[in-house]
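Everything below belongs to query.txt, which stores compact mmCIF, C-alpha atoms.
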# COMPACT_ATOMS: atom_id res chain seq x y z
CA MET A 894 76.54 60.00 64.57
CA GLN A 895 73.00 60.99 63.69
CA GLY A 896 74.26 64.46 62.79
CA LEU A 897 76.65 62.91 60.32
CA ALA A 898 74.20 60.40 58.88
CA ASP A 899 71.18 62.62 58.34
CA GLY A 900 73.13 65.11 56.27
CA TYR A 901 72.62 68.05 58.63
CA PHE A 902 76.35 68.74 58.69
CA VAL A 903 77.20 67.19 55.36
CA ILE A 904 74.92 69.11 53.02
CA PRO A 905 76.06 72.69 52.50
CA TYR A 906 73.71 75.59 53.23
CA THR A 907 73.59 76.41 49.53
CA ILE A 908 71.50 73.27 48.90
CA ALA A 909 68.92 74.05 51.61
CA ASP A 910 68.74 77.57 50.21
CA TYR A 911 68.26 76.25 46.68
CA LEU A 912 65.51 73.84 47.76
CA ALA A 913 63.72 76.60 49.68
CA ARG A 914 63.68 78.76 46.54
CA VAL A 915 62.51 76.19 44.01
CA GLY A 916 59.76 74.74 46.26
CA PRO A 917 58.09 71.40 45.60
CA ALA A 918 57.22 71.28 41.91
CA ARG A 919 54.16 69.48 40.62
CA THR A 920 54.83 65.94 39.54
CA ASP A 921 52.82 63.95 37.10
CA VAL A 922 52.53 60.16 37.29
CA GLN A 923 51.82 60.14 33.54
CA HIS A 924 55.52 60.81 32.94
CA PRO A 925 57.19 57.81 31.24
CA ALA A 926 59.78 57.68 34.06
CA PHE A 927 57.00 56.52 36.41
CA ASP A 928 56.03 53.69 34.07
CA ASP A 929 59.66 52.62 33.69
CA VAL A 930 60.27 52.48 37.41
CA LYS A 931 56.99 50.72 38.09
CA ARG A 932 57.75 48.08 35.48
CA GLU A 933 61.26 47.64 36.85
CA VAL A 934 60.11 47.29 40.48
CA MET A 935 57.28 44.90 39.66
CA GLY A 936 59.60 42.79 37.53
CA ARG A 937 62.10 42.58 40.35
CA ASN A 938 59.39 41.74 42.90
CA ALA A 939 58.11 38.95 40.67
CA MET A 940 61.65 37.60 40.30
CA LEU A 941 62.16 37.54 44.08
CA LEU A 942 58.78 35.90 44.71
CA ASN A 943 59.35 33.26 42.05
CA VAL A 944 62.75 32.01 43.25
CA ASN A 945 60.96 29.79 45.77
CA GLY A 946 64.14 28.39 47.27
CA ARG A 947 64.77 27.06 50.75
CA ARG A 948 66.67 29.80 52.60
CA THR A 949 65.23 32.85 54.39
CA VAL A 950 66.21 36.41 53.45
CA ASP A 951 67.64 36.94 56.96
CA SER A 952 70.02 34.00 56.63
CA PHE A 953 71.54 35.59 53.51
CA HIS A 954 71.68 38.98 55.23
CA ARG A 955 73.59 37.45 58.14
CA GLU A 956 76.04 35.62 55.88
CA LEU A 957 76.74 38.79 53.88
CA GLY A 958 77.14 40.79 57.09
CA GLN A 959 79.70 38.29 58.37
CA ILE A 960 81.80 38.63 55.20
CA VAL A 961 81.81 42.43 55.41
CA TRP A 962 82.40 42.38 59.18
CA ASP A 963 85.41 40.08 58.77
CA SER A 964 87.00 41.63 55.69
CA CYS A 965 85.89 45.26 55.38
CA GLY A 966 85.86 46.49 58.98
CA MET A 967 87.73 49.42 60.54
CA ALA A 968 90.97 47.54 59.89
CA ARG A 969 91.25 45.81 56.52
CA ASN A 970 93.95 44.35 54.28
CA ARG A 971 94.39 43.31 50.64
CA GLN A 972 94.10 39.59 51.29
CA GLY A 973 90.78 39.87 53.17
CA LEU A 974 89.27 42.29 50.66
CA GLU A 975 90.23 40.11 47.68
CA ARG A 976 88.65 37.13 49.44
CA ALA A 977 85.44 39.11 50.10
CA LEU A 978 85.32 40.14 46.43
CA GLN A 979 85.33 36.45 45.51
CA GLU A 980 82.79 35.43 48.16
CA ILE A 981 80.16 38.14 47.64
CA PRO A 982 79.36 37.41 43.95
CA VAL A 983 79.02 33.70 44.81
CA LEU A 984 76.66 34.53 47.68
CA ARG A 985 74.69 36.91 45.44
CA GLU A 986 74.23 34.22 42.84
CA ARG A 987 73.04 31.79 45.52
CA PHE A 988 70.64 34.44 46.86
CA TRP A 989 68.89 34.68 43.50
CA LYS A 990 68.66 30.85 43.27
CA GLU A 991 67.95 29.81 46.86
CA VAL A 992 66.01 32.56 48.63
CA ARG A 993 62.46 31.93 49.80
CA VAL A 994 60.15 34.95 49.87
CA PRO A 995 56.71 33.93 51.17
CA GLY A 996 53.46 35.70 50.32
CA ASN A 997 52.70 37.73 47.21
CA GLY A 998 53.22 41.19 45.80
CA GLU A 999 49.62 42.32 46.20
CA GLU A 1000 49.60 43.16 49.92
CA LEU A 1001 51.92 44.27 52.73
CA ASN A 1002 54.80 41.80 52.52
CA GLN A 1003 57.70 42.51 54.86
CA SER A 1004 59.73 39.53 53.58
CA LEU A 1005 59.57 41.00 50.09
CA GLU A 1006 60.63 44.44 51.39
CA LYS A 1007 63.59 42.85 53.17
CA ALA A 1008 64.53 40.75 50.12
CA GLY A 1009 64.72 43.89 47.97
CA ARG A 1010 67.01 45.55 50.50
CA VAL A 1011 69.28 42.53 50.90
CA ALA A 1012 69.54 42.28 47.09
CA ASP A 1013 70.77 45.91 47.15
CA PHE A 1014 73.16 45.18 50.03
CA MET A 1015 74.76 42.43 47.93
CA GLU A 1016 75.77 45.04 45.34
CA LEU A 1017 76.66 47.71 47.87
CA ALA A 1018 78.84 45.34 49.91
CA GLU A 1019 80.80 44.42 46.81
CA LEU A 1020 81.27 48.08 45.89
CA MET A 1021 82.45 48.93 49.43
CA CYS A 1022 85.05 46.16 49.28
CA ARG A 1023 86.14 47.23 45.80
CA ASP A 1024 86.61 50.81 46.97
CA ALA A 1025 88.43 49.70 50.11
CA LEU A 1026 90.76 47.54 48.02
CA TYR A 1027 91.48 50.41 45.63
CA ARG A 1028 92.34 52.87 48.41
CA GLU A 1029 95.70 51.53 49.51
CA GLU A 1030 96.11 54.00 52.33
CA SER A 1031 94.80 54.45 55.87
CA CYS A 1032 92.30 57.26 55.69
CA GLY A 1033 89.91 58.84 58.17
CA GLY A 1034 88.54 56.19 60.53
CA HIS A 1035 89.67 53.33 58.32
CA PHE A 1036 92.94 51.51 58.82
CA ARG A 1037 94.50 49.74 55.86
CA GLU A 1038 96.85 47.35 57.62
CA GLU A 1039 99.56 47.57 54.91
CA SER A 1040 99.64 51.36 55.32
CA GLN A 1041 100.96 52.16 58.78
CA THR A 1042 103.90 53.96 60.35
CA GLU A 1043 106.62 52.14 62.26
CA GLU A 1044 104.70 52.94 65.44
CA GLY A 1045 101.52 51.38 64.08
CA GLU A 1046 99.74 54.66 63.38
CA ALA A 1047 97.55 55.18 60.31
CA LYS A 1048 99.56 56.34 57.30
CA ARG A 1049 98.00 58.33 54.45
CA ASP A 1050 99.36 58.32 50.93
CA ASP A 1051 98.73 61.90 49.81
CA GLU A 1052 100.58 61.50 46.55
CA ARG A 1053 98.10 58.96 45.22
CA PHE A 1054 94.91 59.65 47.16
CA THR A 1055 94.42 63.39 47.65
CA HIS A 1056 91.04 63.24 45.95
CA VAL A 1057 87.42 62.40 46.61
CA ALA A 1058 86.11 59.48 44.63
CA ALA A 1059 82.71 58.29 43.41
CA TRP A 1060 81.90 55.06 41.60
CA GLU A 1061 79.48 55.14 38.71
CA TRP A 1062 77.08 52.23 38.38
CA THR A 1063 77.35 50.83 34.86
CA GLY A 1064 74.73 48.11 35.07
CA PRO A 1065 74.44 44.70 36.71
CA ASP A 1066 77.46 42.39 36.35
CA SER A 1067 79.47 45.26 34.97
CA GLU A 1068 82.44 46.89 36.72
CA PRO A 1069 81.69 50.34 38.14
CA ARG A 1070 83.64 53.30 36.79
CA LEU A 1071 85.78 55.45 39.10
CA HIS A 1072 85.50 59.23 39.05
CA LYS A 1073 87.98 61.42 40.93
CA GLU A 1074 87.91 65.02 42.04
CA PRO A 1075 91.27 66.30 43.26
CA LEU A 1076 91.58 68.00 46.65
CA THR A 1077 93.86 71.01 46.52
CA PHE A 1078 95.25 72.70 49.61
CA GLU A 1079 96.72 76.14 48.94
CA HIS A 1080 97.48 77.60 52.33
CA VAL A 1081 97.85 74.65 54.71
CA PRO A 1082 100.33 71.87 53.97
CA LEU A 1083 99.11 68.32 54.58
CA SER A 1084 100.78 66.56 57.47
CA GLN A 1085 100.57 63.36 59.48
CA ARG A 1086 97.74 63.46 62.02
CA SER A 1087 98.95 62.90 65.56
CA TYR A 1088 97.02 62.57 68.80
CA LYS A 1089 100.14 62.51 70.93
CA MET B 1350 62.90 29.20 77.68
CA ASP B 1351 59.83 27.78 75.99
CA LEU B 1352 56.80 29.99 75.48
CA ILE B 1353 53.27 29.69 74.20
CA LEU B 1354 52.26 32.67 72.08
CA HIS B 1355 48.77 33.71 71.07
CA VAL B 1356 49.35 36.09 68.18
CA TRP B 1357 46.75 38.21 66.38
CA ARG B 1358 46.76 37.23 62.70
CA GLN B 1359 44.84 39.29 60.20
CA ALA B 1360 45.45 38.96 56.46
CA GLY B 1361 44.39 42.52 55.61
CA PRO B 1362 42.34 45.55 56.66
CA THR B 1363 39.01 43.91 55.79
CA ASP B 1364 39.81 40.47 57.21
CA ARG B 1365 38.15 39.51 60.54
CA GLY B 1366 41.35 38.29 62.17
CA GLN B 1367 41.91 35.81 64.99
CA PHE B 1368 44.42 34.64 67.58
CA VAL B 1369 46.72 31.85 66.43
CA ARG B 1370 48.70 29.72 68.88
CA TYR B 1371 52.44 29.28 68.34
CA GLU B 1372 55.17 27.64 70.36
CA ALA B 1373 58.50 29.46 70.65
CA LYS B 1374 61.13 27.04 71.90
CA GLY B 1375 64.66 27.50 73.22
CA ILE B 1376 64.42 31.31 73.43
CA SER B 1377 67.29 33.03 75.26
CA GLU B 1378 66.32 35.24 78.18
CA HIS B 1379 68.72 37.80 76.68
CA ALA B 1380 66.73 38.03 73.45
CA SER B 1381 64.55 41.09 73.04
CA PHE B 1382 60.84 40.57 72.55
CA LEU B 1383 61.14 41.51 68.87
CA GLU B 1384 64.12 39.17 68.39
CA MET B 1385 61.94 36.40 69.84
CA LEU B 1386 59.40 37.16 67.09
CA ASP B 1387 62.23 37.26 64.49
CA ILE B 1388 63.26 33.75 65.55
CA LEU B 1389 59.67 32.52 65.37
CA ASN B 1390 59.33 34.11 61.90
CA GLU B 1391 62.45 32.34 60.61
CA ASP B 1392 60.90 29.05 61.75
CA LEU B 1393 57.61 29.88 60.07
CA ILE B 1394 59.28 30.75 56.74
CA GLU B 1395 61.32 27.55 56.80
CA LYS B 1396 58.10 25.59 57.40
CA GLY B 1397 56.56 27.33 54.38
CA GLU B 1398 54.16 29.50 56.41
CA GLU B 1399 53.70 33.26 56.26
CA PRO B 1400 55.73 35.14 58.90
CA ILE B 1401 53.98 37.43 61.40
CA ALA B 1402 53.99 41.04 60.21
CA PHE B 1403 55.05 43.58 62.86
CA ASP B 1404 56.64 47.02 62.73
CA SER B 1405 60.05 47.99 64.09
CA ASP B 1406 62.95 50.16 63.02
CA CYS B 1407 65.65 51.50 65.34
CA ARG B 1408 65.19 48.85 68.04
CA GLU B 1409 66.63 51.21 70.64
CA GLY B 1410 63.50 53.01 71.81
CA ILE B 1411 63.86 56.25 69.87
CA CYS B 1412 61.96 55.90 66.60
CA GLY B 1413 58.38 55.09 67.70
CA MET B 1414 57.91 52.46 65.00
CA CYS B 1415 57.39 49.37 67.16
CA GLY B 1416 54.40 48.81 69.36
CA LEU B 1417 52.57 45.69 70.42
CA VAL B 1418 49.93 45.09 73.06
CA ILE B 1419 51.54 42.37 75.18
CA ASN B 1420 49.36 40.65 77.76
CA ARG B 1421 46.89 43.58 77.61
CA PHE B 1422 49.52 46.33 78.04
CA PRO B 1423 50.77 48.52 75.18
CA HIS B 1424 54.57 47.96 75.02
CA GLY B 1425 54.23 45.15 77.59
CA PRO B 1426 54.87 44.90 81.33
CA GLN B 1427 58.01 47.08 81.53
CA HIS B 1428 57.61 50.74 82.57
CA GLY B 1429 58.97 53.62 80.49
CA ALA B 1430 60.17 51.43 77.63
CA ALA B 1431 59.12 50.68 74.07
CA THR B 1432 58.43 47.11 72.89
CA CYS B 1433 61.90 46.87 71.38
CA GLN B 1434 63.47 47.57 74.79
CA LEU B 1435 61.58 44.70 76.45
CA HIS B 1436 63.64 41.55 77.00
CA MET B 1437 62.56 37.98 77.54
CA ARG B 1438 64.01 37.93 81.07
CA HIS B 1439 60.80 39.69 82.10
CA PHE B 1440 58.94 36.45 81.32
CA GLN B 1441 59.06 32.95 82.81
CA ASP B 1442 59.66 29.63 81.09
CA GLY B 1443 56.28 28.21 80.06
CA ASP B 1444 54.49 31.59 80.07
CA GLN B 1445 51.53 32.19 77.78
CA ILE B 1446 51.83 35.54 76.01
CA TRP B 1447 49.00 37.30 74.17
CA ILE B 1448 50.20 39.65 71.42
CA GLU B 1449 47.87 42.13 69.71
CA PRO B 1450 48.12 45.25 67.53
CA TRP B 1451 47.14 48.74 68.72
CA ARG B 1452 43.36 48.74 68.65
CA ALA B 1453 41.65 52.03 67.70
CA LYS B 1454 39.32 53.13 64.92
CA ALA B 1455 41.84 55.74 63.78
CA PHE B 1456 44.61 53.10 63.54
CA PRO B 1457 43.27 50.52 61.06
CA VAL B 1458 45.09 47.18 61.07
CA LEU B 1459 47.02 46.72 57.82
CA LYS B 1460 48.19 43.19 58.51
CA ASP B 1461 48.66 41.06 61.65
CA LEU B 1462 50.31 43.41 64.17
CA VAL B 1463 50.91 46.35 61.80
CA VAL B 1464 48.56 49.34 62.02
CA ASP B 1465 48.35 52.47 59.87
CA ARG B 1466 49.39 55.47 62.00
CA GLY B 1467 48.98 57.93 59.15
CA ALA B 1468 46.50 59.82 61.35
CA PHE B 1469 49.43 61.03 63.48
CA ASP B 1470 51.23 62.28 60.38
CA ARG B 1471 48.16 64.24 59.31
CA ILE B 1472 47.85 65.81 62.78
CA LEU B 1473 51.50 66.90 62.57
CA GLN B 1474 51.01 68.23 59.05
CA VAL B 1475 48.42 70.77 60.21
CA GLY B 1476 50.51 72.23 63.04
CA GLY B 1477 53.47 70.21 64.25
CA PHE B 1478 56.04 72.67 62.94
CA ILE B 1479 57.28 76.24 63.17
CA SER B 1480 57.61 78.50 60.12
CA VAL B 1481 61.17 79.73 59.81
CA ARG B 1482 63.40 80.97 57.06
CA THR B 1483 66.05 78.56 55.81
CA GLY B 1484 69.70 79.41 55.98
CA ALA B 1485 72.36 79.17 58.64
CA ALA B 1486 71.24 78.02 62.09
CA PRO B 1487 70.83 81.07 64.36
CA ASP B 1488 73.30 81.64 67.15
CA ALA B 1489 72.41 79.41 70.09
CA ASN B 1490 72.26 82.29 72.59
CA ALA B 1491 70.44 84.79 70.38
CA ILE B 1492 67.03 84.03 71.94
CA PRO B 1493 67.03 83.67 75.73
CA ILE B 1494 64.81 80.83 77.01
CA ARG B 1495 63.92 80.21 80.63
CA LYS B 1496 65.53 77.04 81.93
CA GLU B 1497 62.18 75.73 83.27
CA HIS B 1498 60.61 76.18 79.85
CA ALA B 1499 63.52 74.57 78.03
CA ASP B 1500 63.34 71.57 80.40
CA LEU B 1501 59.57 71.18 80.03
CA SER B 1502 59.79 71.53 76.27
CA MET B 1503 62.46 68.86 76.20
CA ASP B 1504 60.23 66.52 78.25
CA ALA B 1505 57.43 67.01 75.73
CA ALA B 1506 59.82 66.56 72.81
CA SER B 1507 60.72 63.08 74.02
CA CYS B 1508 57.39 61.84 72.57
CA ILE B 1509 58.27 59.37 69.80
CA GLY B 1510 54.73 59.22 68.35
CA CYS B 1511 54.36 55.46 68.83
CA GLY B 1512 50.63 55.58 69.56
CA ALA B 1513 50.69 53.57 72.82
CA CYS B 1514 48.65 56.38 74.45
CA VAL B 1515 45.82 55.70 72.00
CA ALA B 1516 46.02 51.93 72.46
CA ALA B 1517 45.81 52.28 76.26
CA CYS B 1518 43.00 54.85 76.36
CA PRO B 1519 39.44 53.52 76.86
CA ASN B 1520 38.31 56.38 74.58
CA ALA B 1521 41.11 55.79 72.03
CA SER B 1522 42.09 59.44 72.53
CA ALA B 1523 45.40 60.76 71.23
CA MET B 1524 45.43 63.81 73.53
CA LEU B 1525 48.73 62.86 75.18
CA PHE B 1526 50.38 62.80 71.75
CA VAL B 1527 48.82 66.08 70.59
CA SER B 1528 49.54 67.82 73.90
CA ALA B 1529 53.18 66.74 73.79
CA LYS B 1530 53.61 68.23 70.32
CA VAL B 1531 51.71 71.42 71.17
CA GLY B 1532 53.58 71.69 74.48
CA GLN B 1533 57.00 71.20 72.96
CA LEU B 1534 56.55 73.98 70.40
CA GLY B 1535 54.39 76.34 72.48
CA LEU B 1536 56.86 76.50 75.35
CA LEU B 1537 59.60 77.97 73.15
CA PRO B 1538 59.70 81.53 71.76
CA GLN B 1539 60.08 80.19 68.21
CA GLY B 1540 56.76 78.37 68.56
CA ARG B 1541 54.77 81.20 70.17
CA PRO B 1542 53.68 83.21 67.09
CA GLU B 1543 51.65 80.30 65.66
CA HIS B 1544 50.71 78.76 69.00
CA ARG B 1545 47.00 79.60 69.16
CA GLU B 1546 46.29 78.56 65.62
CA ARG B 1547 48.35 75.40 66.10
CA VAL B 1548 46.31 74.24 69.11
CA LEU B 1549 42.99 74.72 67.33
CA ARG B 1550 44.12 73.08 64.10
CA MET B 1551 45.78 70.04 65.65
CA ILE B 1552 42.84 69.30 67.93
CA ALA B 1553 40.38 69.69 65.04
CA GLN B 1554 42.43 67.22 62.97
CA HIS B 1555 42.66 64.87 65.97
CA ASP B 1556 38.86 64.79 66.22
CA GLU B 1557 38.43 64.42 62.47
CA GLU B 1558 40.68 61.35 62.43
CA GLY B 1559 38.28 59.57 64.78
CA PHE B 1560 40.24 59.66 68.03
CA GLY B 1561 38.11 59.98 71.18
CA THR B 1562 38.07 62.73 73.76
CA CYS B 1563 40.13 62.78 76.95
CA THR B 1564 38.36 61.98 80.22
CA ASN B 1565 41.47 61.95 82.39
CA HIS B 1566 41.87 58.22 82.94
CA GLY B 1567 45.64 58.54 82.84
CA GLU B 1568 46.18 55.14 81.17
CA CYS B 1569 48.21 56.92 78.45
CA HIS B 1570 50.74 58.24 80.95
CA ALA B 1571 51.01 54.80 82.58
CA VAL B 1572 52.06 53.07 79.33
CA CYS B 1573 53.98 55.90 77.61
CA PRO B 1574 57.50 54.64 76.85
CA LYS B 1575 58.76 58.19 77.37
CA GLU B 1576 56.62 58.79 80.49
CA ILE B 1577 55.06 61.98 79.09
CA SER B 1578 53.12 63.66 81.89
CA LEU B 1579 49.34 64.21 81.91
CA ASP B 1580 50.20 67.81 82.85
CA PHE B 1581 50.71 68.48 79.15
CA ILE B 1582 47.05 67.65 78.49
CA ALA B 1583 46.05 70.13 81.22
CA ARG B 1584 48.32 72.77 79.68
CA MET B 1585 46.83 72.15 76.25
CA ASN B 1586 43.27 72.41 77.58
CA ARG B 1587 44.12 75.82 79.02
CA ASP B 1588 45.69 76.84 75.70
CA LEU B 1589 42.65 75.57 73.82
CA PHE B 1590 40.34 77.67 75.99
CA GLY B 1591 42.42 80.79 75.38
CA SER B 1592 42.79 80.10 71.67
CA ALA B 1593 39.08 79.48 71.19
CA LEU B 1594 38.24 82.73 73.02
CA ALA B 1595 40.76 84.67 70.97
CA ALA B 1596 39.45 83.18 67.73
CA SER B 1597 35.82 83.97 68.58
CA SER B 1598 36.58 87.61 69.44
CA LEU B 1599 38.20 88.29 66.06

How does the structure come out when it is put into structure tokens?
Amino acid sequence: MQGLADGYFVIPYTIADYLARVGPARTDVQHPAFDDVKREVMGRNAMLLNVNGRRTVDSFHRELGQIVWDSCGMARNRQGLERALQEIPVLRERFWKEVRVPGNGEELNQSLEKAGRVADFMELAELMCRDALYREESCGGHFREESQTEEGEAKRDDERFTHVAAWEWTGPDSEPRLHKEPLTFEHVPLSQRSYK
Amino acid sequence: MDLILHVWRQAGPTDRGQFVRYEAKGISEHASFLEMLDILNEDLIEKGEEPIAFDSDCREGICGMCGLVINRFPHGPQHGAATCQLHMRHFQDGDQIWIEPWRAKAFPVLKDLVVDRGAFDRILQVGGFISVRTGAAPDANAIPIRKEHADLSMDAASCIGCGACVAACPNASAMLFVSAKVGQLGLLPQGRPEHRERVLRMIAQHDEEGFGTCTNHGECHAVCPKEISLDFIARMNRDLFGSALAASSL
């Protein structure tokens, strides 16, 4: 799993080769991009600190995790995913109204760090469910319950989904845009995977 | 189980710090030590108090991020395990538990139980690597390595850089850490070309960071979650002697 997650197998050799050639370039904190990011991060920190609600960050994290666990697990179906896509925005709205982040933004503040991550997870969880809903086939390790063979095996839909997909973030409260890159197989025909 | 905790609270690096008494009630014996602190922190936040800052990441004993001195012992009473692998079944209902950060000049306290272990990073930056060309990984059998060396190197490589060795040492020495890194790389053919330089540089950086010298107490080995052997310090001392001689004759 670590091999998959850390990119050792995922990133092609060409990228390591490219990085080795360009080397670490000098960066300058005077660049306006630094100011923009700093302003953005500090604004977000202030927002999180000023909510001053009654619920801990962890309690929201757990509630979000339960939704994703129940509706966007290894096996998922349309009904569950549509429910999750209704529940997550409601939870996200409550997070920004009810979370309590103690301390301030001037020193080490682990609650604030966690709050920033959970705020991200709220968006990521919604995107995962949206993507899972869109992909109406069983693919890889994921089993879309509506897409199975008579024997209960995972069934791909190569006609509609022989592509890799990426979602483009278009801003908060705005629907992400789907980009597709077709997968073409010239020499080997696609077939049903079987472990029998 | 109900527990009485005495936790080191320190607002920042320049604050004096003190023990604060807390009561943790209704804790499951199946909870890990860090989960017990999570539960206490949730209570504190709900009461409007600041939670206790402590470090952790993988919570499965492989990342080296966690580390608390529990009842005087770095990583607590359990042998060969990191703090995150310690469970509350090792304690009794009604126990008093004293929880402190690593204490060493080279590991300044940032807040409560969190210390800055940047010194370890800087030691690694001067020698904890081998210089190789990028590209495809070489064939696994291209360089023969003696089984004994591969095994020893693997033992050294199990060091997770948590810093318990420093916290346990009366001299606050990090020699077990440095010797594990030097040993891991120096035992393999890929690490040999830079070995002598590496030993000198890493030990110089170790001293510069303010860690003490080793006087063979062996406390580091006793608390090491990966049970790294003191033999690696002996190996490194021999390497240091050879490297220093070689450097002086140039």

- Please, what distance in Å, to one decimal, runs between atom CA of Trp1451 of chain B and atom CA of Val1011 of chain A?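 Atom CA of Val1011 of chain A lies 29.1 Å from atom CA of Trp1451 of chain B.
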
Can you write out as a tab-separated table which residues of chain A fall within 9 Å of chain B, alongside each residue's closest atom pair and its distance in Å to one decimal, counting all atoms listed in the file and ordering rows by chain and ascending residue number?
residue	atom	partner	partner_atom	distance
A:Tyr906	CA	B:Gly1484	CA	6.2
A:Thr907	CA	B:Gly1484	CA	8.1
A:Ala909	CA	B:Thr1483	CA	6.8
A:Asp910	CA	B:Gly1484	CA	6.1
A:Ala913	CA	B:Thr1483	CA	6.8
A:Arg947	CA	B:Glu1395	CA	7.0
A:Arg948	CA	B:Glu1395	CA	7.2
A:Thr949	CA	B:Ile1394	CA	6.7
A:Asp951	CA	B:Glu1391	CA	7.8
A:Ser952	CA	B:Glu1391	CA	8.7
A:Arg993	CA	B:Ile1394	CA	7.7
A:Val994	CA	B:Ile1394	CA	8.1
A:Pro995	CA	B:Glu1399	CA	6.0
A:Gly996	CA	B:Glu1399	CA	6.4
A:Glu1000	CA	B:Gly1361	CA	7.7
A:Leu1001	CA	B:Lys1460	CA	7.0
A:Asn1002	CA	B:Ala1402	CA	7.8
A:Gln1003	CA	B:Ala1402	CA	6.7
A:Ser1004	CA	B:Pro1400	CA	8.0

- Residues near segment 1065-1067 of chain A, cut-off 12 Å, only C-alpha atoms, skip fewer than 2 positions along chain, as a PyMOL selection string: chain A and resi 982+985-986+1012-1013+1015-1017+1019-1020+1061-1063+1069-1070

- Two-atom distance - atom CA of Ala1430 of chain B, atom CA of Val1418 of chain B (Å):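 Those two atoms sit 12.9 Å apart.
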
- Message: Can you tell me which residues surround Phe1036 of chain A at a distance of at most 7 Å, considering only C-alpha atoms, apart from same-chain residues fewer than 2 positions away, and format the answer as a ChimeraX atom specification?
- Response: /A:967-969,1031-1032,1034,1038,1047

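Between atom CA of Thr1432 of chain B and atom CA of Phe1469 of chain B the interatomic distance comes to 19.1 Å.
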
- Hey, what's within 12 Å of Cys1407 of chain B if we count all atoms listed in the file and toss same-chain stuff fewer than 3 positions away? As a ChimeraX atom specification, please? /B:1383,1404,1410-1415,1431-1434,1509

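Using only C-alpha atoms for every distance, the candidate list B:Ala1553, B:Leu1579, B:Ala1595, B:Met1437 yields B:Ala1553 as the residue closest to Arg1471 of chain B.
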
- Show which residues sit within 9 Å of Gly958 of chain A, as an MDAnalysis selection string. Count all atoms listed in the file, and ignore same-chain residues fewer than 5 positions away. chainID A and resid 953 963 1018

Padded axis-aligned box of segment 1013-1017 of chain A (4 Å per side), centre and edge lengths, Å, one decimal, as AutoDock Vina command-line options:
--center_x 73.7 --center_y 45.1 --center_z 47.7 --size_x 13.9 --size_y 13.3 --size_z 12.7

- Message: Here's a test: counting only C-alpha atoms, identify every protein, DNA and RNA residue with an atom at most 12 Å from (89.8, 66.0, 39.3) in the file's coordinate frame, and state them as an MDAnalysis selection string.
- Response: chainID A and resid 1054:1059 1071:1077
